[in-house]
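Everything below belongs to query.pdb, which stores PDB, C-alpha atoms and all ligand atoms.
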```pdb
ATOM      1  CA  MET A   1       0.840 -39.965  13.876
ATOM      2  CA  ALA A   2       2.919 -36.806  13.705
ATOM      3  CA  LYS A   3       2.435 -34.502  16.641
ATOM      4  CA  LYS A   4       1.164 -31.065  15.681
ATOM      5  CA  LYS A   5       3.749 -28.408  16.367
ATOM      6  CA  GLU A   6       2.686 -25.858  18.974
ATOM      7  CA  ARG A   7       3.481 -22.367  17.732
ATOM      8  CA  ALA A   8       3.311 -19.190  19.781
ATOM      9  CA  LEU A   9       0.435 -16.894  18.854
ATOM     10  CA  PRO A  10       1.171 -13.222  18.111
ATOM     11  CA  GLU A  11      -1.394 -12.187  20.748
ATOM     12  CA  SER A  12       0.908 -13.714  23.368
ATOM     13  CA  LEU A  13       3.673 -11.166  22.635
ATOM     14  CA  GLY A  14       1.796  -8.414  24.484
ATOM     15  CA  LEU A  15       2.972  -5.515  22.331
ATOM     16  CA  PRO A  16       1.153  -2.201  22.897
ATOM     17  CA  ALA A  17      -0.876  -0.295  20.300
ATOM     18  CA  GLY A  18       1.195   2.029  18.114
ATOM     19  CA  GLY A  19       3.060  -0.413  15.904
ATOM     20  CA  VAL A  20       3.176   0.165  12.142
ATOM     21  CA  GLU A  21       3.348  -2.596   9.530
ATOM     22  CA  THR A  22       4.953  -0.891   6.521
ATOM     23  CA  HIS A  23       4.513  -3.500   3.783
ATOM     24  CA  ALA A  24       1.557  -5.852   3.278
ATOM     25  CA  HIS A  25      -0.164  -7.330   0.228
ATOM     26  CA  LEU A  26      -3.665  -7.604   1.621
ATOM     27  CA  ASP A  27      -5.370  -7.885  -1.773
ATOM     28  CA  HIS A  28      -3.500 -11.149  -2.366
ATOM     29  CA  GLU A  29      -5.800 -14.118  -2.970
ATOM     30  CA  ASP A  30      -4.471 -15.758   0.200
ATOM     31  CA  PHE A  31      -6.492 -13.207   2.187
ATOM     32  CA  ALA A  32      -9.676 -13.405   0.111
ATOM     33  CA  GLU A  33     -11.522 -15.507   2.683
ATOM     34  CA  ASP A  34     -10.614 -13.764   5.923
ATOM     35  CA  ILE A  35      -9.262 -10.247   5.407
ATOM     36  CA  GLU A  36     -11.509  -8.771   8.112
ATOM     37  CA  THR A  37     -10.249 -11.308  10.645
ATOM     38  CA  VAL A  38      -6.659 -10.660   9.595
ATOM     39  CA  ILE A  39      -6.997  -6.894  10.051
ATOM     40  CA  ALA A  40      -8.796  -7.302  13.399
ATOM     41  CA  ARG A  41      -6.065  -9.638  14.598
ATOM     42  CA  ALA A  42      -3.386  -7.122  13.629
ATOM     43  CA  HIS A  43      -5.119  -4.509  15.796
ATOM     44  CA  ALA A  44      -5.389  -6.944  18.683
ATOM     45  CA  CYS A  45      -1.612  -7.418  18.414
ATOM     46  CA  GLY A  46      -0.726  -3.713  18.587
ATOM     47  CA  VAL A  47      -0.536  -2.930  14.855
ATOM     48  CA  SER A  48      -2.189   0.489  14.549
ATOM     49  CA  ARG A  49      -1.424   1.268  10.906
ATOM     50  CA  ILE A  50      -0.839  -0.962   7.889
ATOM     51  CA  GLY A  51       0.860   0.059   4.649
ATOM     52  CA  HIS A  52      -0.825  -1.829   1.832
ATOM     53  CA  VAL A  53       1.070  -2.100  -1.462
ATOM     54  CA  PHE A  54      -0.921  -1.775  -4.674
ATOM     55  CA  LEU A  55       1.056  -3.238  -7.579
ATOM     56  CA  GLY A  56      -0.432  -0.945 -10.203
ATOM     57  CA  PRO A  57      -3.248   1.510 -11.010
ATOM     58  CA  GLU A  58      -5.801  -1.224 -11.781
ATOM     59  CA  ASP A  59      -5.258  -2.930  -8.426
ATOM     60  CA  TYR A  60      -5.586   0.473  -6.781
ATOM     61  CA  ARG A  61      -8.864   1.187  -8.583
ATOM     62  CA  ASP A  62     -10.363  -2.248  -7.970
ATOM     63  CA  GLY A  63      -9.060  -2.715  -4.437
ATOM     64  CA  GLN A  64     -10.668   0.345  -2.837
ATOM     65  CA  PRO A  65     -13.746  -1.487  -1.426
ATOM     66  CA  LEU A  66     -11.488  -3.802   0.603
ATOM     67  CA  PHE A  67     -10.291  -0.874   2.670
ATOM     68  CA  ALA A  68     -13.324   1.436   2.718
ATOM     69  CA  ALA A  69     -14.006   0.611   6.369
ATOM     70  CA  HIS A  70     -10.312   0.689   7.362
ATOM     71  CA  PRO A  71      -8.886   4.221   7.333
ATOM     72  CA  GLU A  72      -5.896   2.908   9.319
ATOM     73  CA  VAL A  73      -4.696   1.214   6.131
ATOM     74  CA  PHE A  74      -2.575   3.564   4.008
ATOM     75  CA  PHE A  75      -1.397   2.905   0.490
ATOM     76  CA  ILE A  76       1.851   2.515  -1.392
ATOM     77  CA  LEU A  77       1.360   2.510  -5.164
ATOM     78  CA  GLY A  78       3.730   1.554  -7.945
ATOM     79  CA  VAL A  79       4.509  -0.930 -10.686
ATOM     80  CA  HIS A  80       6.776  -3.718  -9.421
ATOM     81  CA  PRO A  81       9.965  -4.378 -11.436
ATOM     82  CA  GLN A  82       8.641  -7.781 -12.458
ATOM     83  CA  ASP A  83       5.866  -5.958 -14.359
ATOM     84  CA  ALA A  84       8.129  -3.223 -15.750
ATOM     85  CA  LYS A  85       7.400  -4.277 -19.318
ATOM     86  CA  ASP A  86       3.740  -3.360 -18.758
ATOM     87  CA  LEU A  87       4.325   0.192 -17.521
ATOM     88  CA  THR A  88       2.668   2.235 -20.254
ATOM     89  CA  PRO A  89       2.451   6.052 -20.281
ATOM     90  CA  ALA A  90      -1.298   5.705 -19.630
ATOM     91  CA  ARG A  91      -0.703   3.617 -16.495
ATOM     92  CA  LEU A  92       1.936   6.025 -15.274
ATOM     93  CA  ASN A  93      -0.564   8.840 -15.723
ATOM     94  CA  ALA A  94      -3.278   6.928 -13.884
ATOM     95  CA  MET A  95      -0.915   6.511 -10.931
ATOM     96  CA  ARG A  96       0.109  10.158 -11.043
ATOM     97  CA  GLU A  97      -3.536  11.212 -10.863
ATOM     98  CA  ALA A  98      -4.318   8.778  -8.040
ATOM     99  CA  ILE A  99      -1.352   9.909  -5.962
ATOM    100  CA  ALA A 100      -2.131  13.597  -6.476
ATOM    101  CA  ALA A 101      -5.825  13.134  -5.616
ATOM    102  CA  ASP A 102      -5.798  10.593  -2.770
ATOM    103  CA  PRO A 103      -4.064  11.435   0.511
ATOM    104  CA  ARG A 104      -4.221   7.773   1.501
ATOM    105  CA  VAL A 105      -1.496   7.052  -1.065
ATOM    106  CA  ARG A 106       1.573   7.917   1.004
ATOM    107  CA  ALA A 107       4.417   6.655  -1.179
ATOM    108  CA  VAL A 108       5.456   5.409  -4.607
ATOM    109  CA  GLY A 109       6.421   1.723  -4.477
ATOM    110  CA  GLU A 110       7.336  -0.929  -4.569
ATOM    111  CA  ILE A 111       9.563   0.076  -7.460
ATOM    112  CA  GLY A 112      13.099  -0.946  -8.346
ATOM    113  CA  LEU A 113      14.909  -3.848  -9.962
ATOM    114  CA  ASP A 114      14.597  -7.620  -9.746
ATOM    115  CA  TYR A 115      17.382  -9.622 -11.396
ATOM    116  CA  HIS A 116      16.400 -12.806  -9.571
ATOM    117  CA  TYR A 117      13.359 -13.545 -11.702
ATOM    118  CA  GLU A 118      14.006 -11.050 -14.484
ATOM    119  CA  TYR A 119      10.412 -11.237 -15.756
ATOM    120  CA  SER A 120      11.155  -7.979 -17.562
ATOM    121  CA  PRO A 121      14.480  -7.328 -19.363
ATOM    122  CA  ARG A 122      16.977  -5.259 -17.381
ATOM    123  CA  ASP A 123      16.887  -2.209 -19.644
ATOM    124  CA  VAL A 124      13.084  -2.184 -19.416
ATOM    125  CA  GLN A 125      13.276  -2.404 -15.603
ATOM    126  CA  ASP A 126      15.758   0.468 -15.595
ATOM    127  CA  ALA A 127      13.402   2.658 -17.638
ATOM    128  CA  ALA A 128      10.311   1.839 -15.547
ATOM    129  CA  PHE A 129      12.243   2.476 -12.334
ATOM    130  CA  ARG A 130      13.470   5.873 -13.536
ATOM    131  CA  ALA A 131      10.028   6.902 -14.809
ATOM    132  CA  GLN A 132       8.461   6.190 -11.415
ATOM    133  CA  LEU A 133      11.287   7.881  -9.532
ATOM    134  CA  ALA A 134      10.685  10.964 -11.648
ATOM    135  CA  MET A 135       6.998  10.805 -10.783
ATOM    136  CA  ALA A 136       7.773  10.549  -7.060
ATOM    137  CA  ARG A 137      10.129  13.505  -7.307
ATOM    138  CA  GLU A 138       7.588  15.566  -9.199
ATOM    139  CA  LEU A 139       4.816  14.764  -6.657
ATOM    140  CA  ASP A 140       7.250  15.045  -3.727
ATOM    141  CA  ARG A 141       6.408  11.597  -2.304
ATOM    142  CA  PRO A 142       8.640   9.081  -0.512
ATOM    143  CA  VAL A 143       9.624   5.935  -2.383
ATOM    144  CA  VAL A 144       9.676   2.272  -1.322
ATOM    145  CA  ILE A 145      12.350   0.261  -3.089
ATOM    146  CA  HIS A 146      12.345  -3.391  -4.125
ATOM    147  CA  SER A 147      15.761  -4.735  -5.118
ATOM    148  CA  ARG A 148      16.636  -8.371  -5.576
ATOM    149  CA  ASP A 149      20.088  -9.437  -6.790
ATOM    150  CA  SER A 150      20.397  -5.936  -8.234
ATOM    151  CA  HIS A 151      21.648  -3.717  -5.395
ATOM    152  CA  GLU A 152      24.552  -2.128  -7.225
ATOM    153  CA  ASP A 153      22.425  -1.022 -10.175
ATOM    154  CA  ALA A 154      19.540   0.043  -7.929
ATOM    155  CA  VAL A 155      21.749   2.339  -5.847
ATOM    156  CA  ARG A 156      23.445   3.718  -8.973
ATOM    157  CA  ILE A 157      20.100   4.597 -10.566
ATOM    158  CA  LEU A 158      18.807   6.152  -7.338
ATOM    159  CA  LEU A 159      21.843   8.404  -7.034
ATOM    160  CA  ASP A 160      21.638   9.200 -10.730
ATOM    161  CA  GLU A 161      18.022  10.283 -10.246
ATOM    162  CA  GLY A 162      18.860  12.557  -7.333
ATOM    163  CA  PHE A 163      17.617  10.424  -4.429
ATOM    164  CA  HIS A 164      20.569  11.014  -2.119
ATOM    165  CA  ASP A 165      18.964  12.511   1.012
ATOM    166  CA  ARG A 166      15.418  12.084  -0.287
ATOM    167  CA  PRO A 167      12.885  10.029   1.721
ATOM    168  CA  LEU A 168      13.484   6.439   0.682
ATOM    169  CA  LEU A 169      12.651   3.139   2.337
ATOM    170  CA  TRP A 170      14.686   0.076   1.388
ATOM    171  CA  HIS A 171      12.010  -2.634   1.596
ATOM    172  CA  CYS A 172      12.878  -6.130   2.810
ATOM    173  CA  PHE A 173      16.423  -5.392   3.920
ATOM    174  CA  GLY A 174      18.369  -8.658   4.000
ATOM    175  CA  SER A 175      22.010  -7.714   3.533
ATOM    176  CA  ASP A 176      25.021  -7.164   5.752
ATOM    177  CA  ILE A 177      26.232  -4.177   7.756
ATOM    178  CA  ALA A 178      28.475  -2.915   4.935
ATOM    179  CA  PHE A 179      25.495  -2.524   2.630
ATOM    180  CA  ALA A 180      23.389  -1.089   5.465
ATOM    181  CA  HIS A 181      26.056   1.581   5.934
ATOM    182  CA  GLU A 182      25.928   2.413   2.253
ATOM    183  CA  LEU A 183      22.138   2.890   2.366
ATOM    184  CA  LEU A 184      22.366   4.871   5.601
ATOM    185  CA  SER A 185      25.024   7.145   4.111
ATOM    186  CA  HIS A 186      22.450   8.362   1.590
ATOM    187  CA  GLY A 187      19.989   9.237   4.342
ATOM    188  CA  TRP A 188      17.697   6.291   3.618
ATOM    189  CA  HIS A 189      15.542   4.098   5.900
ATOM    190  CA  LEU A 190      15.653   0.295   6.131
ATOM    191  CA  SER A 191      12.682  -2.004   6.567
ATOM    192  CA  ILE A 192      13.226  -5.324   8.319
ATOM    193  CA  PRO A 193      11.128  -8.370   7.385
ATOM    194  CA  GLY A 194      10.515 -11.757   9.012
ATOM    195  CA  PRO A 195      13.610 -13.626   7.758
ATOM    196  CA  VAL A 196      15.684 -11.778  10.380
ATOM    197  CA  THR A 197      14.228 -14.406  12.726
ATOM    198  CA  TYR A 198      15.693 -17.330  10.741
ATOM    199  CA  ALA A 199      18.644 -19.041  12.396
ATOM    200  CA  ARG A 200      21.048 -18.875   9.479
ATOM    201  CA  ASN A 201      20.654 -15.163   8.689
ATOM    202  CA  GLU A 202      23.609 -14.063  10.773
ATOM    203  CA  ALA A 203      24.798 -11.264   8.488
ATOM    204  CA  VAL A 204      21.460  -9.469   8.534
ATOM    205  CA  GLN A 205      21.083 -10.078  12.271
ATOM    206  CA  ASP A 206      24.469  -8.495  12.821
ATOM    207  CA  ALA A 207      23.428  -5.528  10.659
ATOM    208  CA  VAL A 208      20.085  -5.065  12.401
ATOM    209  CA  ALA A 209      21.853  -4.885  15.760
ATOM    210  CA  GLN A 210      23.824  -1.848  14.537
ATOM    211  CA  ILE A 211      21.506   0.197  12.325
ATOM    212  CA  PRO A 212      20.650   3.514  14.021
ATOM    213  CA  LEU A 213      17.260   3.145  15.674
ATOM    214  CA  ASP A 214      15.769   6.197  13.968
ATOM    215  CA  ARG A 215      16.267   4.625  10.491
ATOM    216  CA  LEU A 216      14.566   1.334  11.240
ATOM    217  CA  VAL A 217      11.020   0.222  10.428
ATOM    218  CA  LEU A 218       9.368  -3.212  10.380
ATOM    219  CA  GLU A 219       7.343  -5.059   7.747
ATOM    220  CA  THR A 220       5.897  -8.467   6.957
ATOM    221  CA  ASP A 221       5.682  -8.463   3.116
ATOM    222  CA  CYS A 222       2.742 -10.778   3.817
ATOM    223  CA  PRO A 223       1.530 -13.235   2.655
ATOM    224  CA  TYR A 224       5.217 -14.016   2.014
ATOM    225  CA  LEU A 225       8.182 -14.386   4.387
ATOM    226  CA  ALA A 226       6.518 -15.395   7.650
ATOM    227  CA  PRO A 227       8.836 -15.037  10.649
ATOM    228  CA  GLU A 228       9.603 -17.867  13.039
ATOM    229  CA  PRO A 229       7.770 -19.705  14.499
ATOM    230  CA  TRP A 230       5.437 -19.447  11.468
ATOM    231  CA  ARG A 231       8.089 -19.850   8.788
ATOM    232  CA  GLY A 232       6.636 -21.522   5.689
ATOM    233  CA  LYS A 233       3.036 -20.623   6.610
ATOM    234  CA  ARG A 234       0.930 -17.743   5.350
ATOM    235  CA  ASN A 235       2.269 -14.518   6.797
ATOM    236  CA  GLU A 236      -0.057 -11.759   8.063
ATOM    237  CA  PRO A 237       0.387  -8.299   9.648
ATOM    238  CA  ALA A 238      -0.060  -9.596  13.223
ATOM    239  CA  PHE A 239       3.083 -11.711  12.808
ATOM    240  CA  ILE A 240       5.227  -8.570  12.612
ATOM    241  CA  GLY A 241       5.411  -8.784  16.411
ATOM    242  CA  PHE A 242       7.718 -11.805  16.164
ATOM    243  CA  THR A 243      10.069  -9.751  14.016
ATOM    244  CA  ALA A 244       9.948  -6.890  16.524
ATOM    245  CA  VAL A 245      10.780  -9.188  19.426
ATOM    246  CA  LYS A 246      13.753 -10.639  17.517
ATOM    247  CA  VAL A 247      15.069  -7.221  16.469
ATOM    248  CA  ALA A 248      14.739  -5.978  20.059
ATOM    249  CA  LYS A 249      16.645  -9.006  21.325
ATOM    250  CA  LEU A 250      19.434  -8.457  18.783
ATOM    251  CA  ARG A 251      19.728  -4.855  19.951
ATOM    252  CA  GLY A 252      19.394  -5.597  23.655
ATOM    253  CA  MET A 253      16.232  -3.503  23.854
ATOM    254  CA  ASP A 254      12.852  -3.835  25.472
ATOM    255  CA  PRO A 255      10.461  -5.142  22.744
ATOM    256  CA  ALA A 256       7.757  -2.564  23.483
ATOM    257  CA  GLU A 257      10.285   0.250  23.259
ATOM    258  CA  LEU A 258      11.601  -1.010  19.890
ATOM    259  CA  TRP A 259       8.036  -1.489  18.665
ATOM    260  CA  THR A 260       7.032   2.065  19.509
ATOM    261  CA  ALA A 261      10.236   3.580  18.116
ATOM    262  CA  CYS A 262       9.838   1.746  14.780
ATOM    263  CA  GLY A 263       6.176   2.790  14.691
ATOM    264  CA  ASP A 264       7.152   6.427  15.250
ATOM    265  CA  ASN A 265       9.764   6.187  12.482
ATOM    266  CA  ALA A 266       7.156   4.819  10.066
ATOM    267  CA  ARG A 267       4.672   7.564  11.007
ATOM    268  CA  ARG A 268       7.335  10.192  10.377
ATOM    269  CA  PHE A 269       8.518   8.578   7.133
ATOM    270  CA  PHE A 270       5.058   8.216   5.599
ATOM    271  CA  GLY A 271       3.683  11.431   7.141
ATOM    272  CA  LEU A 272       0.955   9.611   9.084
ATOM    273  CA  ASP A 273      -0.874  11.631  11.712
ATOM    274  CA  ASN A 274      -1.319   8.748  14.156
TER     275      ASN A 274
HETATM  276 ZN    ZN A 301       6.033  -6.444  -1.524
END
```
Target format structure tokens, applied to this file:
Amino acid sequence: MAKKKERALPESLGLPAGGVETHAHLDHEDFAEDIETVIARAHACGVSRIGHVFLGPEDYRDGQPLFAAHPEVFFILGVHPQDAKDLTPARLNAMREAIAADPRVRAVGEIGLDYHYEYSPRDVQDAAFRAQLAMARELDRPVVIHSRDSHEDAVRILLDEGFHDRPLLWHCFGSDIAFAHELLSHGWHLSIPGPVTYARNEAVQDAVAQIPLDRLVLETDCPYLAPEPWRGKRNEPAFIGFTAVKVAKLRGMDPAELWTACGDNARRFFGLDN
């Protein structure tokens, strides 16, 4: 009989309150049975605020009850590039109204390009990306960017749309230091997910060791991309602590200090008051 692998629990990391998880998909069906437990566990592990990503105006409308009792959850709202073909003017308007009316919506995202799956044609992704960037500019909100196998075009469109030196978070950073420098040169922030803990990701580990501390935030992208030692399992906000510990180690920092600094960066970026 195979021996069950003993994995460290996130509670054992001992991180203090004040951490911010900047990217979670808590309305995913994987959390349908135990969302309250998942949120409570995040708190017990030092996660004080959670950025939940709504993938469109309907999810935003229908998902409100999930978070009614959790004011610590803030929202990021946008149509993902995979759904770009479904971004109608009516849906864009619905998002514009929601963002203008609801202070819990702190950013427009995740928006961008995805050439890995290419569920929507590239020109359609380009148009949907630009339309949502224009909305963010008009409403003066930060943006959260998703880019997969499309970095060159994503950066070109962002510069084209006037996002140099505007508040922008590059979600799920997984590239090398050269690309980090390019993003940093435009004044943007980088969000580090769980795969930084995977043994083979040396280029991103090298980058994370060098990115200026004040541009760094942490995320899970749960239920996807669980960090070690939970790789391959369902990810959840509490697991962000494993990412923090790894990033701190790469930078030669105290984990609690890194945790608090990244939390402060996220609070500043999203304009959170605590
Ligand atoms: Zn996401």
For this session: Can you give me, as an MDAnalysis selection string, the residues this file yields under the PyMOL selection byres (((chain A and resi 206-217) around 8) and not hetatm)?
Result: chainID A and resid 22 175:177 180:181 184 188:192 202:205 218:219 247 250:251 261:263 265:266
For this session: Run the PyMOL selection byres (((chain A and resi 15) around 9) and not hetatm) on the file and write out the hits as number ranges by chain.
Result: A: 10-14, 16-19, 45-47, 241, 255-256, 259
Go ahead and save the residues from that selection, with C-alpha atoms, as an mmCIF file, in the coordinates of the input.
```cif
data_model
loop_
_atom_site.group_PDB
_atom_site.id
_atom_site.type_symbol
_atom_site.label_atom_id
_atom_site.label_comp_id
_atom_site.auth_asym_id
_atom_site.auth_seq_id
_atom_site.Cartn_x
_atom_site.Cartn_y
_atom_site.Cartn_z
ATOM 1 C CA PRO A 10 1.171 -13.222 18.111
ATOM 2 C CA GLU A 11 -1.394 -12.187 20.748
ATOM 3 C CA SER A 12 0.908 -13.714 23.368
ATOM 4 C CA LEU A 13 3.673 -11.166 22.635
ATOM 5 C CA GLY A 14 1.796 -8.414 24.484
ATOM 6 C CA PRO A 16 1.153 -2.201 22.897
ATOM 7 C CA ALA A 17 -0.876 -0.295 20.300
ATOM 8 C CA GLY A 18 1.195 2.029 18.114
ATOM 9 C CA GLY A 19 3.060 -0.413 15.904
ATOM 10 C CA CYS A 45 -1.612 -7.418 18.414
ATOM 11 C CA GLY A 46 -0.726 -3.713 18.587
ATOM 12 C CA VAL A 47 -0.536 -2.930 14.855
ATOM 13 C CA GLY A 241 5.411 -8.784 16.411
ATOM 14 C CA PRO A 255 10.461 -5.142 22.744
ATOM 15 C CA ALA A 256 7.757 -2.564 23.483
ATOM 16 C CA TRP A 259 8.036 -1.489 18.665
#
```
Exercise. Do you have the atom CA of Gly174 of chain A-atom CA of Asp59 of chain A distance handy?
Worked result: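 Here the two named atoms are 27.3 Å from each other.
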Exercise. The PyMOL selection byres (((not hetatm)) within 10 of (chain A and resi 301)) on the file shown: which residues, as a ChimeraX atom specification?
Worked result: /A:22-25,52-55,76,80,109-111,144-146,171-172,219-224
For those residues, write C-alpha atoms to a file as a short mmCIF file (atom, residue, chain, number, x, y, z; two decimals), keeping the file's coordinate frame.
```cif
data_model
loop_
_atom_site.label_atom_id
_atom_site.label_comp_id
_atom_site.auth_asym_id
_atom_site.auth_seq_id
_atom_site.Cartn_x
_atom_site.Cartn_y
_atom_site.Cartn_z
CA THR A 22 4.95 -0.89 6.52
CA HIS A 23 4.51 -3.50 3.78
CA ALA A 24 1.56 -5.85 3.28
CA HIS A 25 -0.16 -7.33 0.23
CA HIS A 52 -0.82 -1.83 1.83
CA VAL A 53 1.07 -2.10 -1.46
CA PHE A 54 -0.92 -1.78 -4.67
CA LEU A 55 1.06 -3.24 -7.58
CA ILE A 76 1.85 2.52 -1.39
CA HIS A 80 6.78 -3.72 -9.42
CA GLY A 109 6.42 1.72 -4.48
CA GLU A 110 7.34 -0.93 -4.57
CA ILE A 111 9.56 0.08 -7.46
CA VAL A 144 9.68 2.27 -1.32
CA ILE A 145 12.35 0.26 -3.09
CA HIS A 146 12.34 -3.39 -4.12
CA HIS A 171 12.01 -2.63 1.60
CA CYS A 172 12.88 -6.13 2.81
CA GLU A 219 7.34 -5.06 7.75
CA THR A 220 5.90 -8.47 6.96
CA ASP A 221 5.68 -8.46 3.12
CA CYS A 222 2.74 -10.78 3.82
CA PRO A 223 1.53 -13.24 2.66
CA TYR A 224 5.22 -14.02 2.01
#
```
Problem set entry | Interatomic distance (Å, one decimal) between atom CA of Pro195 of chain A and atom CA of Glu228 of chain A |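 Taking atom CA of Pro195 of chain A and atom CA of Glu228 of chain A, their separation equals 7.9 Å.
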Problem set entry | Neighbour list for Pro167 of chain A as a ChimeraX atom specification, cut-off 10 Å, only C-alpha atoms, skip fewer than 5 positions in-chain | /A:107,140-144,186-189,269-270
Problem set entry | Straight-line distance linking atom CA of Leu26 of chain A with atom CA of Gly78 of chain A, stated in Å to one decimal |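 Atom-to-atom, atom CA of Leu26 of chain A to atom CA of Gly78 of chain A, that is 15.2 Å.
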Problem set entry | Counting all atoms listed in the file, the residue of A:Phe75, A:Phe67, A:Phe239, A:Phe163 that sits nearest Arg137 of chain A |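 For Arg137 of chain A, the nearest of the candidates is A:Phe163.
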Considering all atoms listed in the file, give me a table of residues in segment 137-248 of chain A that are at most 8 Å from segment 31-41 of chain A, with the closest atom pair and distance in Å for each, as a tab-separated table.
```
residue	atom	partner	partner_atom	distance
A:Glu236	CA	A:Val38	CA	6.9
A:Pro237	CA	A:Val38	CA	7.4
A:Ala238	CA	A:Arg41	CA	6.2
```
Problem set entry | Proximity to Arg106 of chain A - best of A:Leu159, A:Ala68, A:Ala84, A:Leu139, all atoms listed in the file |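 Among A:Leu159, A:Ala68, A:Ala84, A:Leu139, it is A:Leu139 that comes nearest to Arg106 of chain A.
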For this session: List the neighbours of Gln125 of chain A out to 12 Å using only C-alpha atoms; skip same-chain residues closer than 6 positions along the sequence, and give me the result as a list in words.
Result: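 With the cut-off at 12 Å, the set is Val79, His80, Pro81, Gln82, Asp83, Ala84, Lys85, Asp86, Leu87, Ile111, Gly112, Leu113, Asp114, Tyr115, Tyr117, Glu118, Tyr119, Ala131, Gln132, His146, Ser147, Ser150, Asp153, Ala154 and Ile157 of chain A.
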